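Structure data follow from target.cif (mmCIF, N, CA and C atoms):
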data_input
#
loop_
_atom_site.label_atom_id
_atom_site.label_comp_id
_atom_site.auth_asym_id
_atom_site.auth_seq_id
_atom_site.Cartn_x
_atom_site.Cartn_y
_atom_site.Cartn_z
N MET B 169 0.85 -1.19 0.00
CA MET B 169 0.00 0.00 0.00
C MET B 169 0.88 1.24 0.00
N ARG B 170 0.63 2.15 -0.88
CA ARG B 170 1.47 3.33 -1.01
C ARG B 170 0.78 4.54 -0.40
N GLY B 171 1.61 5.41 0.18
CA GLY B 171 1.10 6.64 0.79
C GLY B 171 1.28 7.80 -0.17
N THR B 172 1.30 8.99 0.39
CA THR B 172 1.51 10.17 -0.44
C THR B 172 2.94 10.21 -0.90
N ARG B 173 3.20 10.96 -1.92
CA ARG B 173 4.54 11.03 -2.52
C ARG B 173 5.59 11.32 -1.46
N GLY B 174 6.59 10.42 -1.37
CA GLY B 174 7.70 10.63 -0.46
C GLY B 174 7.45 10.18 0.96
N HIS B 175 6.23 9.76 1.27
CA HIS B 175 5.93 9.34 2.64
C HIS B 175 5.15 8.04 2.61
N HIS B 176 5.87 6.93 2.53
CA HIS B 176 5.25 5.62 2.56
C HIS B 176 4.74 5.38 3.97
N ASN B 177 3.72 4.55 4.11
CA ASN B 177 3.13 4.38 5.43
C ASN B 177 4.06 3.72 6.44
N ASP B 178 5.17 3.12 6.00
CA ASP B 178 6.12 2.56 6.97
C ASP B 178 7.42 3.36 7.01
N GLY B 179 7.37 4.63 6.58
CA GLY B 179 8.53 5.50 6.71
C GLY B 179 9.50 5.50 5.56
N ASP B 180 9.16 4.88 4.43
CA ASP B 180 10.07 4.84 3.28
C ASP B 180 10.10 6.21 2.62
N ILE B 181 11.11 7.01 2.96
CA ILE B 181 11.24 8.37 2.45
C ILE B 181 11.42 8.40 0.93
N CYS B 182 11.91 7.31 0.36
CA CYS B 182 12.22 7.28 -1.08
C CYS B 182 11.09 6.70 -1.92
N GLU B 183 9.98 6.38 -1.32
CA GLU B 183 8.88 5.75 -2.04
C GLU B 183 8.43 6.58 -3.23
N GLY B 184 8.43 7.89 -3.09
CA GLY B 184 8.02 8.77 -4.18
C GLY B 184 8.96 8.72 -5.36
N ARG B 185 10.20 8.35 -5.12
CA ARG B 185 11.18 8.27 -6.21
C ARG B 185 11.15 6.91 -6.90
N HIS B 186 11.01 5.83 -6.12
CA HIS B 186 11.07 4.51 -6.76
C HIS B 186 9.69 4.01 -7.16
N GLY B 187 8.63 4.73 -6.78
CA GLY B 187 7.28 4.40 -7.24
C GLY B 187 6.80 3.03 -6.83
N GLY B 188 7.31 2.50 -5.75
CA GLY B 188 6.85 1.20 -5.27
C GLY B 188 7.50 0.02 -5.96
N ALA B 189 8.65 0.22 -6.57
CA ALA B 189 9.35 -0.89 -7.24
C ALA B 189 9.62 -2.00 -6.22
N ASP B 190 9.34 -3.24 -6.60
CA ASP B 190 9.46 -4.35 -5.66
C ASP B 190 10.87 -4.48 -5.09
N THR B 191 11.89 -4.24 -5.90
CA THR B 191 13.26 -4.37 -5.40
C THR B 191 13.58 -3.27 -4.38
N SER B 192 13.07 -2.07 -4.61
CA SER B 192 13.31 -0.97 -3.67
C SER B 192 12.54 -1.18 -2.37
N LEU B 193 11.32 -1.67 -2.47
CA LEU B 193 10.55 -1.98 -1.26
C LEU B 193 11.23 -3.06 -0.43
N ALA B 194 11.76 -4.09 -1.11
CA ALA B 194 12.47 -5.16 -0.40
C ALA B 194 13.71 -4.61 0.29
N ALA B 195 14.43 -3.72 -0.38
CA ALA B 195 15.63 -3.13 0.23
C ALA B 195 15.25 -2.33 1.46
N HIS B 196 14.18 -1.56 1.37
CA HIS B 196 13.75 -0.77 2.52
C HIS B 196 13.37 -1.67 3.69
N ARG B 197 12.63 -2.72 3.40
CA ARG B 197 12.18 -3.62 4.47
C ARG B 197 13.32 -4.44 5.07
N SER B 198 14.40 -4.62 4.30
CA SER B 198 15.51 -5.42 4.80
C SER B 198 16.32 -4.67 5.85
N LYS B 199 16.19 -3.38 5.89
CA LYS B 199 16.94 -2.56 6.86
C LYS B 199 16.08 -2.40 8.11
N SER B 200 16.57 -2.88 9.24
CA SER B 200 15.81 -2.78 10.48
C SER B 200 15.77 -1.34 10.96
N ASP B 201 14.80 -1.04 11.80
CA ASP B 201 14.73 0.30 12.39
C ASP B 201 16.00 0.61 13.16
N GLU B 202 16.53 -0.41 13.87
CA GLU B 202 17.77 -0.20 14.62
C GLU B 202 18.93 0.11 13.68
N GLY B 203 18.98 -0.58 12.55
CA GLY B 203 20.03 -0.34 11.56
C GLY B 203 19.93 1.06 10.97
N ARG B 204 18.70 1.49 10.67
CA ARG B 204 18.50 2.84 10.14
C ARG B 204 18.91 3.88 11.16
N LEU B 205 18.52 3.68 12.41
CA LEU B 205 18.86 4.64 13.47
C LEU B 205 20.37 4.69 13.71
N ALA B 206 21.02 3.53 13.65
CA ALA B 206 22.47 3.50 13.84
C ALA B 206 23.17 4.24 12.71
N MET B 207 22.70 4.04 11.47
CA MET B 207 23.33 4.73 10.35
C MET B 207 23.08 6.23 10.46
N ARG B 208 21.86 6.63 10.84
CA ARG B 208 21.56 8.05 11.01
C ARG B 208 22.48 8.66 12.06
N ALA B 209 22.73 7.93 13.14
CA ALA B 209 23.62 8.44 14.19
C ALA B 209 25.04 8.63 13.66
N ARG B 210 25.52 7.69 12.84
CA ARG B 210 26.85 7.83 12.23
C ARG B 210 26.91 9.06 11.33
N LEU B 211 25.88 9.24 10.51
CA LEU B 211 25.86 10.38 9.59
C LEU B 211 25.81 11.69 10.36
N LEU B 212 24.97 11.75 11.38
CA LEU B 212 24.85 12.97 12.17
C LEU B 212 26.15 13.27 12.90
N GLY B 213 26.82 12.23 13.42
CA GLY B 213 28.10 12.42 14.09
C GLY B 213 29.14 12.99 13.14
N PHE B 214 29.18 12.47 11.91
CA PHE B 214 30.14 12.96 10.92
C PHE B 214 29.84 14.41 10.55
N ILE B 215 28.58 14.70 10.25
CA ILE B 215 28.21 16.07 9.85
C ILE B 215 28.48 17.04 10.99
N GLY B 216 28.13 16.66 12.20
CA GLY B 216 28.35 17.51 13.37
C GLY B 216 29.82 17.76 13.64
N ALA B 217 30.65 16.74 13.42
CA ALA B 217 32.09 16.88 13.67
C ALA B 217 32.75 17.85 12.70
N ARG B 218 32.13 18.12 11.59
CA ARG B 218 32.69 19.04 10.60
C ARG B 218 32.36 20.49 10.91
N GLY B 219 31.57 20.72 11.95
CA GLY B 219 31.28 22.08 12.38
C GLY B 219 30.57 22.88 11.30
N ALA B 220 30.94 24.14 11.18
CA ALA B 220 30.30 25.05 10.23
C ALA B 220 30.55 24.66 8.79
N GLN B 221 31.56 23.82 8.55
CA GLN B 221 31.85 23.36 7.19
C GLN B 221 30.73 22.47 6.67
N GLY B 222 30.07 21.71 7.57
CA GLY B 222 29.02 20.81 7.15
C GLY B 222 29.53 19.73 6.23
N ALA B 223 28.61 19.03 5.57
CA ALA B 223 29.00 17.95 4.67
C ALA B 223 27.96 17.76 3.58
N THR B 224 28.42 17.35 2.42
CA THR B 224 27.52 16.98 1.33
C THR B 224 27.27 15.48 1.43
N ALA B 225 26.28 15.00 0.70
CA ALA B 225 26.02 13.56 0.66
C ALA B 225 27.24 12.83 0.11
N ASP B 226 27.87 13.40 -0.90
CA ASP B 226 29.05 12.79 -1.50
C ASP B 226 30.18 12.66 -0.48
N GLU B 227 30.38 13.68 0.33
CA GLU B 227 31.44 13.65 1.35
C GLU B 227 31.11 12.61 2.43
N VAL B 228 29.84 12.50 2.79
CA VAL B 228 29.41 11.50 3.78
C VAL B 228 29.67 10.10 3.23
N GLU B 229 29.26 9.86 1.98
CA GLU B 229 29.44 8.55 1.36
C GLU B 229 30.90 8.13 1.33
N ARG B 230 31.77 9.06 0.93
CA ARG B 230 33.21 8.74 0.83
C ARG B 230 33.81 8.49 2.20
N ALA B 231 33.55 9.38 3.15
CA ALA B 231 34.17 9.29 4.47
C ALA B 231 33.72 8.05 5.24
N LEU B 232 32.43 7.72 5.12
CA LEU B 232 31.90 6.60 5.90
C LEU B 232 31.80 5.31 5.09
N VAL B 233 32.28 5.35 3.85
CA VAL B 233 32.28 4.20 2.94
C VAL B 233 30.88 3.58 2.89
N LEU B 234 29.93 4.40 2.43
CA LEU B 234 28.53 3.97 2.33
C LEU B 234 28.08 4.02 0.88
N PRO B 235 27.20 3.11 0.49
CA PRO B 235 26.62 3.21 -0.84
C PRO B 235 25.75 4.47 -0.94
N HIS B 236 25.70 5.04 -2.11
CA HIS B 236 24.92 6.26 -2.31
C HIS B 236 23.47 6.07 -1.88
N GLN B 237 22.86 4.93 -2.25
CA GLN B 237 21.45 4.71 -1.96
C GLN B 237 21.18 4.73 -0.46
N SER B 238 22.06 4.15 0.32
CA SER B 238 21.86 4.11 1.77
C SER B 238 22.05 5.48 2.39
N ALA B 239 23.13 6.16 2.04
CA ALA B 239 23.40 7.48 2.61
C ALA B 239 22.32 8.47 2.20
N SER B 240 21.94 8.45 0.93
CA SER B 240 20.93 9.38 0.43
C SER B 240 19.58 9.19 1.13
N ALA B 241 19.18 7.95 1.32
CA ALA B 241 17.90 7.68 1.99
C ALA B 241 17.92 8.17 3.44
N ARG B 242 19.01 7.89 4.16
CA ARG B 242 19.09 8.34 5.55
C ARG B 242 19.15 9.87 5.64
N LEU B 243 19.91 10.51 4.75
CA LEU B 243 19.97 11.97 4.75
C LEU B 243 18.60 12.58 4.47
N SER B 244 17.86 11.97 3.54
CA SER B 244 16.50 12.46 3.24
C SER B 244 15.60 12.35 4.46
N GLU B 245 15.69 11.22 5.18
CA GLU B 245 14.90 11.06 6.41
C GLU B 245 15.29 12.11 7.44
N MET B 246 16.60 12.31 7.60
CA MET B 246 17.08 13.26 8.60
C MET B 246 16.68 14.69 8.26
N LEU B 247 16.68 15.01 6.99
CA LEU B 247 16.25 16.33 6.54
C LEU B 247 14.76 16.52 6.83
N ARG B 248 13.97 15.51 6.50
CA ARG B 248 12.53 15.55 6.76
C ARG B 248 12.23 15.71 8.24
N ASP B 249 13.00 15.01 9.08
CA ASP B 249 12.75 14.99 10.52
C ASP B 249 13.41 16.14 11.28
N GLY B 250 14.19 16.97 10.60
CA GLY B 250 14.82 18.12 11.25
C GLY B 250 16.12 17.81 11.97
N ALA B 251 16.67 16.60 11.76
CA ALA B 251 17.95 16.25 12.40
C ALA B 251 19.09 17.00 11.72
N ILE B 252 18.92 17.32 10.43
CA ILE B 252 19.87 18.12 9.67
C ILE B 252 19.08 19.14 8.87
N HIS B 253 19.80 20.12 8.32
CA HIS B 253 19.14 21.08 7.42
C HIS B 253 20.09 21.49 6.30
N ASP B 254 19.50 21.96 5.23
CA ASP B 254 20.26 22.46 4.08
C ASP B 254 20.77 23.84 4.45
N SER B 255 22.08 24.02 4.44
CA SER B 255 22.68 25.30 4.83
C SER B 255 22.46 26.39 3.79
N GLY B 256 22.04 26.00 2.59
CA GLY B 256 21.91 26.95 1.51
C GLY B 256 23.18 27.07 0.68
N ARG B 257 24.28 26.52 1.19
CA ARG B 257 25.55 26.52 0.45
C ARG B 257 25.61 25.29 -0.44
N ARG B 258 26.46 25.35 -1.46
CA ARG B 258 26.66 24.22 -2.37
C ARG B 258 28.15 24.00 -2.56
N ARG B 259 28.53 22.70 -2.67
CA ARG B 259 29.91 22.33 -2.99
C ARG B 259 29.86 21.30 -4.10
N LYS B 260 30.96 21.21 -4.82
CA LYS B 260 31.05 20.27 -5.94
C LYS B 260 31.24 18.83 -5.45
N THR B 261 30.59 17.90 -6.15
CA THR B 261 30.78 16.48 -5.89
C THR B 261 31.99 15.99 -6.68
N ARG B 262 32.30 14.72 -6.55
CA ARG B 262 33.39 14.13 -7.33
C ARG B 262 33.11 14.25 -8.83
N GLN B 263 31.84 14.30 -9.20
CA GLN B 263 31.45 14.42 -10.60
C GLN B 263 31.37 15.88 -11.05
N GLY B 264 31.67 16.82 -10.14
CA GLY B 264 31.67 18.23 -10.49
C GLY B 264 30.30 18.90 -10.44
N ARG B 265 29.32 18.23 -9.86
CA ARG B 265 27.98 18.80 -9.76
C ARG B 265 27.80 19.47 -8.40
N ALA B 266 26.93 20.46 -8.36
CA ALA B 266 26.65 21.17 -7.10
C ALA B 266 25.85 20.26 -6.17
N ALA B 267 26.24 20.23 -4.90
CA ALA B 267 25.56 19.41 -3.91
C ALA B 267 25.23 20.25 -2.69
N ARG B 268 24.12 19.95 -2.05
CA ARG B 268 23.73 20.65 -0.82
C ARG B 268 24.76 20.40 0.27
N VAL B 269 24.99 21.41 1.09
CA VAL B 269 25.84 21.25 2.27
C VAL B 269 24.91 21.19 3.47
N TYR B 270 24.96 20.06 4.18
CA TYR B 270 24.08 19.84 5.33
C TYR B 270 24.78 20.23 6.63
N LEU B 271 23.99 20.76 7.55
CA LEU B 271 24.42 21.08 8.91
C LEU B 271 23.48 20.38 9.88
N PRO B 272 23.93 20.10 11.10
CA PRO B 272 23.06 19.43 12.06
C PRO B 272 21.92 20.33 12.51
N GLY B 273 20.80 19.71 12.87
CA GLY B 273 19.67 20.41 13.45
C GLY B 273 18.87 21.25 12.48
N ALA B 274 17.82 21.82 13.01
CA ALA B 274 16.96 22.70 12.21
C ALA B 274 17.66 24.03 12.01
N PRO B 275 17.37 24.71 10.90
CA PRO B 275 18.00 26.01 10.69
C PRO B 275 17.60 26.98 11.79
N LEU B 276 18.54 27.80 12.19
CA LEU B 276 18.26 28.80 13.22
C LEU B 276 17.48 29.94 12.61
N ALA B 277 16.51 30.43 13.36
CA ALA B 277 15.77 31.60 12.90
C ALA B 277 16.71 32.79 12.96
N ALA B 278 16.55 33.68 12.02
CA ALA B 278 17.40 34.88 12.02
C ALA B 278 17.12 35.66 13.29
N PRO B 279 18.17 36.04 14.01
CA PRO B 279 17.93 36.80 15.23
C PRO B 279 17.34 38.15 14.88
N PRO B 280 16.49 38.66 15.74
CA PRO B 280 15.93 39.97 15.45
C PRO B 280 17.05 41.00 15.37
N GLY B 281 16.95 41.86 14.41
CA GLY B 281 17.97 42.89 14.23
C GLY B 281 17.90 43.91 15.34
N PRO B 282 18.95 44.68 15.49
CA PRO B 282 18.94 45.70 16.53
C PRO B 282 17.87 46.74 16.22
N SER B 283 17.31 47.30 17.26
CA SER B 283 16.31 48.33 17.03
C SER B 283 17.01 49.54 16.41
N PRO B 284 16.34 50.20 15.50
CA PRO B 284 16.99 51.34 14.84
C PRO B 284 17.39 52.40 15.86
N SER B 285 18.56 52.97 15.64
CA SER B 285 19.01 54.06 16.50
C SER B 285 19.13 55.30 15.64
N ALA B 286 19.37 56.39 16.25
CA ALA B 286 19.48 57.65 15.52
C ALA B 286 20.63 57.62 14.53
N ARG B 287 21.63 56.71 14.74
CA ARG B 287 22.78 56.66 13.85
C ARG B 287 22.53 55.76 12.64
N ASP B 288 21.45 54.94 12.66
CA ASP B 288 21.15 54.09 11.52
C ASP B 288 20.57 54.96 10.41
N GLU B 289 21.06 54.74 9.20
CA GLU B 289 20.60 55.55 8.08
C GLU B 289 20.17 54.66 6.93
N VAL B 290 19.27 55.18 6.12
CA VAL B 290 18.84 54.48 4.91
C VAL B 290 18.99 55.44 3.74
N CYS B 291 19.17 54.86 2.57
CA CYS B 291 19.26 55.69 1.37
C CYS B 291 17.86 56.12 0.98
N THR B 292 17.69 57.38 0.66
CA THR B 292 16.37 57.91 0.31
C THR B 292 16.02 57.65 -1.13
N GLY B 293 16.96 57.19 -1.93
CA GLY B 293 16.73 57.00 -3.34
C GLY B 293 17.16 58.21 -4.14
N ARG B 294 17.47 59.30 -3.47
CA ARG B 294 17.94 60.52 -4.14
C ARG B 294 19.45 60.64 -3.97
N GLY B 295 20.08 59.63 -3.41
CA GLY B 295 21.51 59.68 -3.21
C GLY B 295 21.92 60.23 -1.86
N ASP B 296 20.96 60.66 -1.05
CA ASP B 296 21.32 61.13 0.28
C ASP B 296 20.78 60.14 1.31
N LEU B 297 21.17 60.32 2.55
CA LEU B 297 20.79 59.41 3.62
C LEU B 297 19.90 60.12 4.62
N ARG B 298 19.04 59.35 5.26
CA ARG B 298 18.25 59.89 6.37
C ARG B 298 18.23 58.85 7.47
N PRO B 299 18.11 59.30 8.71
CA PRO B 299 18.05 58.33 9.81
C PRO B 299 16.81 57.45 9.67
N VAL B 300 16.96 56.16 10.07
CA VAL B 300 15.83 55.25 10.08
C VAL B 300 14.79 55.82 11.04
N GLY B 301 13.55 55.78 10.65
CA GLY B 301 12.47 56.28 11.49
C GLY B 301 12.14 57.74 11.23
N GLN B 302 12.99 58.44 10.54
CA GLN B 302 12.70 59.84 10.21
C GLN B 302 11.79 59.84 8.99
N PRO B 303 10.71 60.60 9.03
CA PRO B 303 9.82 60.64 7.88
C PRO B 303 10.57 61.07 6.62
N PRO B 304 10.19 60.50 5.47
CA PRO B 304 10.90 60.80 4.22
C PRO B 304 10.96 62.28 3.86
N ASP B 305 9.94 63.10 4.26
CA ASP B 305 9.99 64.50 3.85
C ASP B 305 10.67 65.39 4.86
N SER B 306 11.20 64.84 5.96
CA SER B 306 11.89 65.66 6.95
C SER B 306 13.23 66.11 6.38
N PRO B 307 13.71 67.27 6.84
CA PRO B 307 15.03 67.69 6.38
C PRO B 307 16.08 66.67 6.83
N VAL B 308 17.02 66.40 5.95
CA VAL B 308 18.07 65.42 6.24
C VAL B 308 19.17 66.14 7.00
N GLN B 309 19.53 65.57 8.13
CA GLN B 309 20.62 66.10 8.93
C GLN B 309 21.60 64.98 9.16
N ARG B 310 22.85 65.21 8.78
CA ARG B 310 23.87 64.18 8.98
C ARG B 310 24.98 64.74 9.83
N GLU B 311 25.51 63.88 10.62
CA GLU B 311 26.64 64.26 11.48
C GLU B 311 27.93 63.89 10.76
N LEU B 312 28.84 64.80 10.67
CA LEU B 312 30.13 64.51 10.05
C LEU B 312 31.04 63.88 11.08
N ILE B 313 31.73 62.85 10.69
CA ILE B 313 32.64 62.16 11.61
C ILE B 313 34.04 62.31 11.13
#
Could you spell out this file's structure in structure tokens?
Amino acid sequence: MRGTRGHHNDGDICEGRHGGADTSLAAHRSKSDEGRLAMRARLLGFIGARGAQGATADEVERALVLPHQSASARLSEMLRDGAIHDSGRRRKTRQGRAARVYLPGAPLAAPPGPSPSARDEVCTGRGDLRPVGQPPDSPVQRELI
């Protein structure tokens, strides 16, 4: 029985890609939950140990000597579950293609910016600056430093 794309009813994250192929289903079922969790822990440990550098799937596969299919499936699960996130950066694979760089955990929300102060300025579009919060038609006053 197949679920919605990418979410098989028994957790097969790749179901949407293999379309229920009997060989892929058998491979998924052959991996125990304990085995999947152990592999996820290895992947997370490797990615975490790389710090801000993170890791691509290709780097994980090479370093941990894993088949692409196994590493890719676990990384997809971890991404879905928030154990890792896409940093937004890309690095080249061995084949020269751009690959996502993963970091541990969910992405951090951008911290709120500092509240505007009298010294913060914005461009008015006329080439001059005005303090943030000052109405656009107010006279512009700048302090020379």
Expansion of the PyMOL selection byres (((chain B and resi 207-212 and name CA) around 12) and name CA) into residues, as a PyMOL selection string
chain B and resi 199-206+213-219+222-235+238-247+249-253+270-273
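Our summary of the geometry notes that CA of Gly256 in chain B is positioned 7.0 Å from CA of Val269 in chain B.
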What gap, in Å, lies between atom N of Ala266 in chain B and atom C of Arg248 in chain B?
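According to the coordinates, atom N of Ala266 in chain B and atom C of Arg248 in chain B are separated by 22.7 Å.
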Interatomic distance between CA of His236 in chain B and CA of Ser255 in chain B?
20.5 Å
